[in-house]
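Student: Sharing a structure, written as structure tokens. Questions coming.
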Amino acid sequence: MQLTKNFTLNEMTYSSTAEANNIDNRPSVAVVENLKRLCVNVLQPLREYYNCPVIISSGYRCIELNKKVGGARNSQHLLGEAADFIIPSKNLKDVFEWIRLNLEYDQLLYEYNSRCRWIHVSFHSGLNRRQCIDNYKA
């Protein structure tokens, strides 16, 4: 199912962890609507601006999957309102800044751990907080 021109429901719900652990990560209709809003308002405009693929590493997570990956109990991933991603050919700090200055979002995090870096972005259907943290240790 296409959510936008360049984003599918499959890529917003796929998880190798879910697959490896036989976790059913199928979203509800409400979650699909949230994923679509996230794609329409944040990910698709980002994709069009940079004109290159946005690689989603984590989108929707059911409760069981969220626990398995160590996600926060109140994670917006549980609602289909958040995605973690990279754009391999671009400087992620520049991408982070472009989103901060040009798009509506609820939460924007430049995240890292000992192995890698990525951007977490969320979009809420109500009032977005525009919470922005540019050096968030995951």
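Chain labels run A, B, ... following the order of the structure tokens; each chain numbers its residues from 1, and ligands are numbered from 1 in the order shown.
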Mind the document's chain letters and residue numbers, and return as number ranges by chain the residues of range 3-96 of chain A that DSSP labels strand (DSSP E or B).

Tutor: A: 8, 55-58, 82-86

Student: Selected residues, N, CA, C and O atoms, written as an mmCIF file, in the first residue's frame, please.

Tutor:
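And here is the file that came out, again-v4.cif:
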```cif
data_model
loop_
_atom_site.group_PDB
_atom_site.id
_atom_site.type_symbol
_atom_site.label_atom_id
_atom_site.label_comp_id
_atom_site.auth_asym_id
_atom_site.auth_seq_id
_atom_site.Cartn_x
_atom_site.Cartn_y
_atom_site.Cartn_z
ATOM 1 N N THR A 8 5.910 3.430 1.352
ATOM 2 C CA THR A 8 4.894 2.373 1.418
ATOM 3 C C THR A 8 4.635 1.975 2.869
ATOM 4 O O THR A 8 5.483 2.192 3.754
ATOM 5 N N ILE A 55 15.987 6.290 4.016
ATOM 6 C CA ILE A 55 15.974 4.895 4.456
ATOM 7 C C ILE A 55 15.410 4.805 5.881
ATOM 8 O O ILE A 55 16.018 5.300 6.831
ATOM 9 N N ILE A 56 14.257 4.166 6.001
ATOM 10 C CA ILE A 56 13.592 4.021 7.301
ATOM 11 C C ILE A 56 14.172 2.816 8.037
ATOM 12 O O ILE A 56 14.135 1.702 7.537
ATOM 13 N N SER A 57 14.717 3.048 9.223
ATOM 14 C CA SER A 57 15.236 1.933 10.022
ATOM 15 C C SER A 57 14.214 1.467 11.046
ATOM 16 O O SER A 57 14.238 0.316 11.476
ATOM 17 N N SER A 58 13.300 2.358 11.429
ATOM 18 C CA SER A 58 12.244 1.971 12.366
ATOM 19 C C SER A 58 11.065 2.923 12.197
ATOM 20 O O SER A 58 11.214 4.129 12.318
ATOM 21 N N ALA A 82 6.015 8.124 14.496
ATOM 22 C CA ALA A 82 7.450 8.387 14.485
ATOM 23 C C ALA A 82 8.185 7.447 13.545
ATOM 24 O O ALA A 82 7.746 6.327 13.288
ATOM 25 N N ALA A 83 9.318 7.935 13.061
ATOM 26 C CA ALA A 83 10.210 7.111 12.244
ATOM 27 C C ALA A 83 11.652 7.499 12.531
ATOM 28 O O ALA A 83 11.960 8.660 12.816
ATOM 29 N N ASP A 84 12.524 6.501 12.467
ATOM 30 C CA ASP A 84 13.966 6.704 12.529
ATOM 31 C C ASP A 84 14.490 6.456 11.126
ATOM 32 O O ASP A 84 14.060 5.508 10.462
ATOM 33 N N PHE A 85 15.417 7.291 10.669
ATOM 34 C CA PHE A 85 15.886 7.159 9.295
ATOM 35 C C PHE A 85 17.277 7.733 9.106
ATOM 36 O O PHE A 85 17.795 8.460 9.959
ATOM 37 N N ILE A 86 17.838 7.407 7.961
ATOM 38 C CA ILE A 86 19.077 8.016 7.488
ATOM 39 C C ILE A 86 18.883 8.365 6.011
ATOM 40 O O ILE A 86 17.970 7.855 5.358
#
```

Student: I need the helix (DSSP H, G or I) residues of chain A per DSSP on the backbone, written as a ChimeraX atom specification.

Tutor: /A:9-13,16-20,29-50,63-68,76-79,92-102

Student: Would you compute the distance between CA of Lys93 in chain A and CA of Arg73 in chain A? Give it in Å to one decimal.

Tutor: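 Going from CA of Lys93 in chain A over to CA of Arg73 in chain A, I get 27.2 Å.
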
Student: How many Å separate CA of Thr17 in chain A from CA of Asn66 in chain A?

Tutor: 9.9 Å

Student: Counting only C-alpha atoms, figure out which residue out of A:Asn21, A:Phe96, A:Val31, A:Asn6 gets nearest to Cys52 in chain A.

Tutor: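 Of all the options, A:Asn6 lies closest to Cys52 in chain A.
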